[in-house]
Every structure is written in structure tokens, then in C-alpha cells.
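Chemist: Below you will find the structure I want to go over with you.
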Amino acid sequence: FSPYKQAQCRLEALQITGHPTDKVEIRVIGGTWDYYPLKYRQWFVKELYRACNSFQSQKSKIKSQKYKSKVKNLKREQKRNEQAKCRVVGLSVETRPDCISQKTIQEMRGLGITKVELGAQTIFDNVLKLNQRGHAVQATIEATKQLKDAGFKVSYQIMPDLPGSDFKQDVLMAKELFNNPNFKPDSLKIYPMALVKSSKAYRLYKQKKYKPIAKEELIKLLIAIKQQTPHWCRIERIVRDIPSALIIEGGAKTSNLRELVKKEMSRQGISCKCIRCREVGPNFNPKEKPLLLREEYVASKGREVFLSFEN
């Protein structure tokens with residue numbers, strides 16, 4: 001794949017649909033970031049910066065460069081980007097908790113990464129073990145602390161309805177995530193278990209040892225999780241974009257779950273406090289005088305400060 005062409009095409013699409021491209025956040029998705037060779041990662045990020053630096057209009061025709069692993073080229077593109085018309089203001093990658101170390105943190109710092117998405121999945125060791133995750137919850141706790149100490153934003157990807165878990169345990173997980181100072185992620189992605197034939201969980205399903213949660217129950221569960229989410233956290237996403245036709249059974253087959261959850265919460269007269277759900281959006285009133293609010297809370301043996309402008 002060409003990271004340069006991918007970034008250029010996305011910028012063009014944004015521009016065509018009327019979005020400003022003077023500031024962009026880049027999210028590199030797929031796989032475990034730290035498993036790729038370091039020189040390849042350096043080249044990949046360099047190409048992303050170069051795409052932003054050279055992007056002028058829909059007719060940009062600068063060709064992608066072949067894979068070259070020279071750190072000086074990355075530093076040059078990063079420096080150029082400080083004055084570019086399309087500046088990178090955020091760069092996030094996905095990785096596993098057990099891949100985080102001082103070495104990988106230093107590498108990510110050099111690449112200009114600002115946020116790390118950890119595949120936490122769950123915070124219960126028995127569920128992690130049953131699903132052969134390969135690490136215990138202590139790895140998530142240690143990774144979170146190391147990343148926060150180094151100044152990164154930390155996002156968790158959690159997976160309700162895993163084999164070995166249930167409704168009550170998943171609600172308890174949400175409570176622990178935001179009340180236990182060992183966790184408290186800055187943002188959250190909720191990916192309910194999607195049962196596909198290629199997974200080992202499918203064997204459990206065939207043996208009648210696992211049954212995916214039904215749509216109505218899943219909506220209740222997602223509402224319960226959202227009600228535990230504090231106002232300093234952003235729920236970035238609900239449901240992975242796995243084609244519905246590939247999912248065997250369960251509520252995860254419903255591709256517009258977030259919309260249904262929002263509709264049901266509105267019907268019940270309850271609301272989510274997360275950053276995304278409280279954004280101004282179309283309700284902006286220029287006559288309002290928003291107040292600067294400050295909240296401090298303890299997380300990973302440190303002090304977090306959350307600042308927001310609110311009416």
C-alpha cells in the first residue's frame with residue numbers, strides 16, 4: 001500500500017466535500033503497530049507527512065516514493081509540516097498493551113505520534129485467558145501508566161460480549177474503567193464481539209458453548225456503558241466496520257447500533273455525558289458565553305487536568 005496515495009486521496013475527498021484541510025488528525029489503523037519493522041514505520045509516517053506537505057488541491061500529482069528507510073527524510077518532512085498549509089495536529093496508532101515499553105515509547109515519540117489506541121478488550125483475566133489474548137490485565141495497567149507518563153493520549157478498544165463474559169460483567173467493566181485509577185482512558189472505542197466463521201469463537205458457538213448477545217440486549221448494554229462514561233472521556237466509535245453479511249449472529253450484525261442507542265436513550269429521557277455526545281454541533285448560539293471549566297482527577301498515579309468550554 002502507498003501511505004502517500006492513501007493520505008492524498010483522503011485529503012482530496014475531504015476538500016471536495018467542503019471540509020477544511022488546514023489541520024488534520026491521522027489515524028493509522030490495522031494490525032499491531034509495533035510488529036512492523038522500525039524502518040518501515042519511519043518510512044510510512046514520512047510518506048504521510050509528505051502527502052500533507054505537498055497537498056495543494058484536488059489535482060496534486062506528485063508520485064509516491066518507493067520504500068526508503070532514512071530517518072533524516074522523516075525529520076525533514078516533520079520540520080516542513082510546521083509551516084505547511086495542511087498541518088498534522090494529531091497522529092494515532094493501534095497496538096497491544098504488551099507491546100508497550102520504554103523503547104517503543106521513544107520510537108513513537110520520534111515519529112510524532114500523539115495518541116495510542118490499546119486493544120484492551122476486557123479488564124478480566126479469566127476472559128482474556130479464555131479468549132487466548134496472550135496477556136493479563138496488568139499489561140494494560142502498566143502500558144496505560146507508561147503512555148500517560150510520556151504525555152500520550154490513551155484510547156481503549158473494549159470488546160463486550162466476549163466468550164466467558166456476560167451482561168453484568170461488561171457493565172462492571174465500564175464502572176471499573178472510569179472509577180479505578182489504574183485505567184481511566186481519555187477515549188473509548190466499543191467493539192461488541194462480532195462472530196465470524198474464521199474465529200476460534202465460532203467453534204465454541206458450534207459446540208453451543210457461546211451465544212452472541214441479541215440486538216435488544218446489546219442496545220441495553222451499550223446504554224449502560226454510556227451511562228458510566230464521564231464527561232472527560234470521548235466515545236469515539238461503537239461497532240467495527242465488519243460487513244454484516246460476514247457476522248453469523250447477534251446484535252453486532254446491526255450496523256447502525258450507535259443511532260439506535262441514541263434513539264432509545266432519547267426515548268427514555270437519558271443522555272450520555274461523553275465529549276462527543278456533548279459537542280455543540282448544530283446547537284451553537286453565538287450569544288452564549290461559555291465558561292472555562294477545569295477538573296482534576298487521579299489516574300495512573302498521576303494528576304490529570306481536563307479543560308472544557310461549556311454553557
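All residue names refer to the C-alpha cells as shown: chains lettered A, B, ... in order, residues numbered from 1 in each chain, ligands numbered from 1 in order.
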Residues within 7 Å of stretch 246-259 of chain A, please, as a list in words. Count only C-alpha atoms; anything in the same chain fewer than 2 positions from it doesn't count.

Modeler: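 What passes the distance filter is Pro192, Met193, Ala194, Leu195, Val196, Pro212, Ile213, Ala214, Lys215, Leu218, Ile238, Val239, Pro243, Ser244, Val261, Lys262 and Lys263 of chain A.
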
Chemist: How about saving the chosen residues, N, CA, C and O atoms kept, as a compact mmCIF listing (two decimals), in the first residue's frame?

Modeler:
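Resulting contents of result-v4.txt:
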# COMPACT_ATOMS: atom_id res chain seq x y z
N PRO A 192 -18.45 -4.42 20.16
CA PRO A 192 -19.07 -5.67 20.60
C PRO A 192 -18.57 -6.84 19.75
O PRO A 192 -18.31 -6.70 18.57
N MET A 193 -18.44 -7.99 20.39
CA MET A 193 -17.95 -9.19 19.72
C MET A 193 -18.74 -9.47 18.43
O MET A 193 -19.96 -9.56 18.45
N ALA A 194 -18.02 -9.55 17.33
CA ALA A 194 -18.63 -9.89 16.04
C ALA A 194 -18.22 -11.31 15.69
O ALA A 194 -17.04 -11.57 15.41
N LEU A 195 -19.15 -12.23 15.72
CA LEU A 195 -18.86 -13.64 15.49
C LEU A 195 -18.75 -13.93 13.99
O LEU A 195 -19.72 -13.82 13.25
N VAL A 196 -17.54 -14.29 13.55
CA VAL A 196 -17.31 -14.64 12.14
C VAL A 196 -16.77 -16.07 12.08
O VAL A 196 -16.20 -16.58 13.05
N PRO A 212 -23.90 -15.29 20.93
CA PRO A 212 -23.77 -13.83 20.91
C PRO A 212 -25.01 -13.14 21.47
O PRO A 212 -26.13 -13.66 21.36
N ILE A 213 -24.82 -12.00 22.06
CA ILE A 213 -25.91 -11.23 22.65
C ILE A 213 -26.86 -10.72 21.56
O ILE A 213 -26.43 -10.33 20.48
N ALA A 214 -28.16 -10.76 21.83
CA ALA A 214 -29.17 -10.30 20.87
C ALA A 214 -29.17 -8.78 20.78
O ALA A 214 -28.66 -8.09 21.66
N LYS A 215 -29.75 -8.26 19.70
CA LYS A 215 -29.72 -6.81 19.44
C LYS A 215 -30.32 -6.00 20.59
O LYS A 215 -29.71 -5.02 21.04
N LEU A 218 -28.06 -6.02 23.53
CA LEU A 218 -26.84 -5.27 23.24
C LEU A 218 -27.08 -3.77 23.34
O LEU A 218 -26.24 -3.02 23.86
N ILE A 238 -18.68 3.10 18.08
CA ILE A 238 -19.39 1.90 18.51
C ILE A 238 -19.56 1.01 17.29
O ILE A 238 -20.06 1.46 16.26
N VAL A 239 -19.13 -0.23 17.40
CA VAL A 239 -19.20 -1.25 16.34
C VAL A 239 -18.08 -1.08 15.31
O VAL A 239 -17.80 0.01 14.84
N PRO A 243 -18.43 -6.23 7.57
CA PRO A 243 -19.68 -6.39 6.83
C PRO A 243 -20.68 -7.28 7.55
O PRO A 243 -20.33 -8.36 8.03
N SER A 244 -21.90 -6.82 7.63
CA SER A 244 -22.95 -7.53 8.36
C SER A 244 -23.14 -8.96 7.85
O SER A 244 -23.41 -9.89 8.63
N VAL A 261 -29.00 3.24 19.66
CA VAL A 261 -28.74 3.51 21.08
C VAL A 261 -29.14 4.94 21.43
O VAL A 261 -29.81 5.19 22.44
N LYS A 262 -28.75 5.87 20.58
CA LYS A 262 -29.09 7.29 20.81
C LYS A 262 -30.61 7.49 20.81
O LYS A 262 -31.16 8.22 21.64
N LYS A 263 -31.29 6.83 19.89
CA LYS A 263 -32.75 6.94 19.78
C LYS A 263 -33.43 6.39 21.03
O LYS A 263 -34.37 7.00 21.57

Chemist: When DSSP is applied to the backbone of this structure, which of stretch 28-234 of chain A are assigned alpha helix (DSSP H)? Write them out as an MDAnalysis selection string.

Modeler: chainID A and resid 38:54 71:81 102:111 125:130 137:149 167:179 201:206 215:228

Chemist: Residues of stretch 135-174 of chain A that approach stretch 285-308 of chain A to 10 Å or less, counting only C-alpha atoms: could you list each one with the shortest pair of atoms and its distance in Å to one decimal, rows by chain and increasing residue number, as a tab-separated table?

Modeler:
residue	atom	partner	partner_atom	distance
A:Ile141	CA	A:Ser300	CA	7.8
A:Glu142	CA	A:Ser300	CA	8.5
A:Ala143	CA	A:Ser300	CA	9.9
A:Thr144	CA	A:Ser300	CA	7.1
A:Lys145	CA	A:Ser300	CA	5.0
A:Gln146	CA	A:Ser300	CA	8.6
A:Leu147	CA	A:Ser300	CA	9.8
A:Lys148	CA	A:Ser300	CA	7.6
A:Asp149	CA	A:Gly302	CA	7.9

Chemist: DSSP on the backbone: what in stretch 82-293 of chain A comes out strand (DSSP E), as a VMD selection string?

Modeler: chain A and resid 87 to 95 115 to 121 153 to 158 187 to 190 234 to 238 291 to 293

Chemist: Would you kindly return, as a VMD selection string, each protein, DNA or RNA residue with an atom no farther than 6 Å from any atom of A:Leu118, considering only C-alpha atoms and excluding same-chain residues fewer than 6 positions away?

Modeler: chain A and resid 95 to 97 156

Chemist: Since we have the selection now, will you write its residues out, keeping all heavy atoms, as a tab-separated table (two decimals), in the first residue's frame?

Modeler:
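The resulting file, selection.tsv, is shown below:
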chain	number	residue	atom	x	y	z
A	95	THR	N	-2.06	-0.58	18.94
A	95	THR	CA	-1.11	-1.61	19.34
A	95	THR	C	-1.67	-2.40	20.52
A	95	THR	O	-2.75	-2.10	21.02
A	95	THR	CB	0.26	-0.99	19.70
A	95	THR	OG1	1.24	-2.02	19.79
A	95	THR	CG2	0.22	-0.22	21.01
A	96	ARG	N	-0.94	-3.41	20.94
A	96	ARG	CA	-1.34	-4.23	22.07
A	96	ARG	C	-0.72	-3.70	23.35
A	96	ARG	O	0.40	-3.16	23.32
A	96	ARG	CB	-0.87	-5.67	21.86
A	96	ARG	CG	-1.55	-6.43	20.75
A	96	ARG	CD	-0.79	-7.73	20.46
A	96	ARG	NE	-0.60	-8.56	21.64
A	96	ARG	CZ	-1.35	-9.61	21.95
A	96	ARG	NH1	-2.34	-9.97	21.15
A	96	ARG	NH2	-1.11	-10.32	23.03
A	97	PRO	N	-1.38	-3.87	24.50
A	97	PRO	CA	-0.80	-3.42	25.76
A	97	PRO	C	0.56	-4.03	26.05
A	97	PRO	O	1.46	-3.37	26.58
A	97	PRO	CB	-1.83	-3.86	26.81
A	97	PRO	CG	-3.12	-3.90	26.06
A	97	PRO	CD	-2.76	-4.37	24.68
A	156	TYR	N	-8.80	3.27	24.68
A	156	TYR	CA	-9.01	1.84	24.84
A	156	TYR	C	-9.98	1.34	23.78
A	156	TYR	O	-10.98	2.01	23.48
A	156	TYR	CB	-9.62	1.51	26.21
A	156	TYR	CG	-8.68	1.49	27.38
A	156	TYR	CD1	-7.34	1.82	27.25
A	156	TYR	CD2	-9.15	1.13	28.65
A	156	TYR	CE1	-6.50	1.82	28.35
A	156	TYR	CE2	-8.31	1.12	29.76
A	156	TYR	CZ	-6.98	1.47	29.61
A	156	TYR	OH	-6.15	1.45	30.69

Chemist: Can you tell me, as a tab-separated table (two decimals) with all heavy atoms, in the first residue's frame, what residues are no more than 9 Å from A:Lys46 when counting only C-alpha atoms, ignoring any on the same chain fewer than 2 positions away?

Modeler:
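Contents of result_33.tsv, as written:
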chain	number	residue	atom	x	y	z
A	4	TYR	N	1.31	7.47	1.03
A	4	TYR	CA	1.24	8.79	0.40
A	4	TYR	C	-0.07	8.92	-0.39
A	4	TYR	O	-0.82	9.89	-0.23
A	4	TYR	CB	2.44	8.98	-0.52
A	4	TYR	CG	2.43	10.31	-1.25
A	4	TYR	CD1	3.02	11.43	-0.69
A	4	TYR	CD2	1.81	10.43	-2.50
A	4	TYR	CE1	3.00	12.66	-1.35
A	4	TYR	CE2	1.78	11.64	-3.16
A	4	TYR	CZ	2.39	12.76	-2.59
A	4	TYR	OH	2.34	13.96	-3.24
A	41	ARG	N	8.14	1.62	9.57
A	41	ARG	CA	7.27	2.57	10.27
A	41	ARG	C	7.73	4.00	10.02
A	41	ARG	O	6.92	4.91	9.83
A	41	ARG	CB	7.24	2.27	11.76
A	41	ARG	CG	6.36	1.08	12.14
A	41	ARG	CD	6.41	0.82	13.62
A	41	ARG	NE	7.52	-0.05	13.99
A	41	ARG	CZ	8.12	-0.03	15.17
A	41	ARG	NH1	7.77	0.83	16.09
A	41	ARG	NH2	9.10	-0.88	15.42
A	42	GLN	N	9.05	4.20	10.04
A	42	GLN	CA	9.60	5.54	9.80
A	42	GLN	C	9.27	6.01	8.38
A	42	GLN	O	8.87	7.16	8.17
A	42	GLN	CB	11.12	5.53	10.03
A	42	GLN	CG	11.51	5.35	11.48
A	42	GLN	CD	12.99	5.08	11.66
A	42	GLN	OE1	13.69	4.65	10.73
A	42	GLN	NE2	13.50	5.33	12.86
A	43	TRP	N	9.42	5.11	7.41
A	43	TRP	CA	9.09	5.46	6.03
A	43	TRP	C	7.60	5.75	5.88
A	43	TRP	O	7.19	6.71	5.22
A	43	TRP	CB	9.48	4.29	5.10
A	43	TRP	CG	8.95	4.44	3.71
A	43	TRP	CD1	9.47	5.20	2.70
A	43	TRP	CD2	7.77	3.81	3.18
A	43	TRP	NE1	8.69	5.08	1.57
A	43	TRP	CE2	7.64	4.24	1.84
A	43	TRP	CE3	6.82	2.93	3.70
A	43	TRP	CZ2	6.59	3.82	1.02
A	43	TRP	CZ3	5.78	2.51	2.89
A	43	TRP	CH2	5.68	2.95	1.56
A	44	PHE	N	6.77	4.93	6.52
A	44	PHE	CA	5.32	5.07	6.41
A	44	PHE	C	4.87	6.45	6.92
A	44	PHE	O	4.12	7.16	6.24
A	44	PHE	CB	4.64	3.97	7.24
A	44	PHE	CG	3.19	3.78	6.95
A	44	PHE	CD1	2.75	2.79	6.09
A	44	PHE	CD2	2.23	4.59	7.56
A	44	PHE	CE1	1.40	2.61	5.82
A	44	PHE	CE2	0.88	4.42	7.30
A	44	PHE	CZ	0.47	3.43	6.43
A	48	LEU	N	3.29	9.95	5.05
A	48	LEU	CA	2.07	10.64	5.48
A	48	LEU	C	2.32	12.14	5.60
A	48	LEU	O	1.53	12.97	5.14
A	48	LEU	CB	1.59	10.08	6.82
A	48	LEU	CG	1.09	8.63	6.83
A	48	LEU	CD1	0.75	8.19	8.24
A	48	LEU	CD2	-0.14	8.48	5.93
A	49	TYR	N	3.45	12.50	6.23
A	49	TYR	CA	3.81	13.91	6.36
A	49	TYR	C	4.03	14.53	4.98
A	49	TYR	O	3.60	15.66	4.70
A	49	TYR	CB	5.08	14.07	7.19
A	49	TYR	CG	4.85	14.10	8.68
A	49	TYR	CD1	5.24	13.04	9.50
A	49	TYR	CD2	4.27	15.21	9.29
A	49	TYR	CE1	5.04	13.07	10.87
A	49	TYR	CE2	4.07	15.25	10.67
A	49	TYR	CZ	4.46	14.18	11.45
A	49	TYR	OH	4.25	14.22	12.81
A	50	ARG	N	4.70	13.78	4.11
A	50	ARG	CA	5.00	14.31	2.77
A	50	ARG	C	3.72	14.55	1.98
A	50	ARG	O	3.61	15.53	1.23
A	50	ARG	CB	5.91	13.33	2.02
A	50	ARG	CG	6.61	13.94	0.80
A	50	ARG	CD	7.65	12.97	0.26
A	50	ARG	NE	7.04	11.79	-0.33
A	50	ARG	CZ	6.61	11.72	-1.60
A	50	ARG	NH1	6.71	12.76	-2.40
A	50	ARG	NH2	6.07	10.60	-2.06
A	51	ALA	N	2.73	13.68	2.16
A	51	ALA	CA	1.44	13.86	1.49
A	51	ALA	C	0.77	15.15	1.94
A	51	ALA	O	0.22	15.90	1.13
A	51	ALA	CB	0.53	12.66	1.78
A	71	VAL	N	15.98	8.05	8.33
A	71	VAL	CA	15.35	8.84	9.37
A	71	VAL	C	15.43	10.33	9.05
A	71	VAL	O	14.51	11.09	9.34
A	71	VAL	CB	16.01	8.55	10.74
A	71	VAL	CG1	15.36	9.39	11.84
A	71	VAL	CG2	15.89	7.08	11.08
A	73	ASN	N	15.07	11.84	6.31
A	73	ASN	CA	13.96	12.23	5.45
A	73	ASN	C	12.69	12.49	6.27
A	73	ASN	O	11.93	13.40	5.97
A	73	ASN	CB	13.69	11.16	4.40
A	73	ASN	CG	14.84	11.02	3.42
A	73	ASN	OD1	15.65	11.92	3.27
A	73	ASN	ND2	14.93	9.87	2.77
A	74	LEU	N	12.47	11.67	7.30
A	74	LEU	CA	11.32	11.85	8.17
A	74	LEU	C	11.44	13.19	8.91
A	74	LEU	O	10.47	13.96	8.95
A	74	LEU	CB	11.24	10.70	9.18
A	74	LEU	CG	10.28	10.88	10.36
A	74	LEU	CD1	8.84	10.99	9.88
A	74	LEU	CD2	10.42	9.73	11.36
A	75	LYS	N	12.61	13.47	9.48
A	75	LYS	CA	12.80	14.71	10.22
A	75	LYS	C	12.60	15.92	9.32
A	75	LYS	O	12.04	16.94	9.74
A	75	LYS	CB	14.20	14.75	10.86
A	75	LYS	CG	14.47	13.62	11.85
A	75	LYS	CD	13.49	13.66	13.01
A	75	LYS	CE	13.71	12.51	13.98
A	75	LYS	NZ	12.65	12.47	15.01
A	76	ARG	N	13.03	15.80	8.09
A	76	ARG	CA	12.88	16.92	7.15
A	76	ARG	C	11.40	17.20	6.87
A	76	ARG	O	10.97	18.36	6.87
A	76	ARG	CB	13.61	16.60	5.84
A	76	ARG	CG	13.56	17.76	4.82
A	76	ARG	CD	14.28	17.43	3.54
A	76	ARG	NE	13.62	16.36	2.80
A	76	ARG	CZ	14.21	15.22	2.45
A	76	ARG	NH1	15.45	14.99	2.77
A	76	ARG	NH2	13.52	14.30	1.78
A	77	GLU	N	10.62	16.14	6.65
A	77	GLU	CA	9.20	16.31	6.37
A	77	GLU	C	8.45	16.82	7.59
A	77	GLU	O	7.51	17.61	7.47
A	77	GLU	CB	8.59	15.00	5.87
A	77	GLU	CG	9.14	14.49	4.55
A	77	GLU	CD	8.93	15.45	3.39
A	77	GLU	OE1	8.01	16.31	3.47
A	77	GLU	OE2	9.68	15.36	2.39
A	78	GLN	N	8.86	16.38	8.78
A	78	GLN	CA	8.23	16.87	10.01
A	78	GLN	C	8.48	18.37	10.17
A	78	GLN	O	7.57	19.13	10.54
A	78	GLN	CB	8.78	16.12	11.23
A	78	GLN	CG	8.25	14.69	11.36
A	78	GLN	CD	8.90	13.94	12.50
A	78	GLN	OE1	10.07	14.14	12.82
A	78	GLN	NE2	8.14	13.03	13.11
A	111	LEU	N	8.43	9.54	15.98
A	111	LEU	CA	7.56	9.57	14.81
A	111	LEU	C	6.51	10.67	14.88
A	111	LEU	O	5.81	10.92	13.90
A	111	LEU	CB	6.88	8.21	14.64
A	111	LEU	CG	7.79	7.02	14.31
A	111	LEU	CD1	7.02	5.72	14.40
A	111	LEU	CD2	8.42	7.18	12.93

Chemist: What is the distance between atom CA of A:Cys272 and atom CA of A:Thr114, in Å to one decimal?

Modeler: 26.1 Å

Chemist: So which one's closest to A:Leu188, A:Thr104, A:Asn131, A:Ser92, A:Thr229? Using only C-alpha atoms, please.

Modeler: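 Closest to A:Leu188, using only C-alpha atoms: A:Thr229.
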
Chemist: Between A:Leu11, A:Cys99, A:Ala139, A:Ala245, which is the closest to A:Tyr35 once you count only C-alpha atoms?

Modeler: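 Ranked by minimum distance to A:Tyr35, first place goes to A:Cys99.
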
Chemist: Suppose you want the space between atom CA of A:Gly31 and atom CA of A:Val93; what is it in Å?

Modeler: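 One can read the atom CA of A:Gly31 to atom CA of A:Val93 distance as 9.5 Å.
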
Chemist: Just want the 6 Å neighbourhood of stretch 159-175 of chain A, counted on only C-alpha atoms, with same-chain residues fewer than 4 positions away dropped. Output as a VMD selection string.

Modeler: chain A and resid 121 127 191 to 193 225 228

Chemist: Rounded to one decimal in Å, what is the spacing between atom CA of A:Ile219 and atom CA of A:Met265?

Modeler: 9.6 Å

Chemist: When distances are computed from only C-alpha atoms, which of A:Ile223, A:Lys211, A:Pro230, A:His19 shows the smallest separation from A:Ser266?

Modeler: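 The answer is A:Ile223, which sits nearest to A:Ser266.
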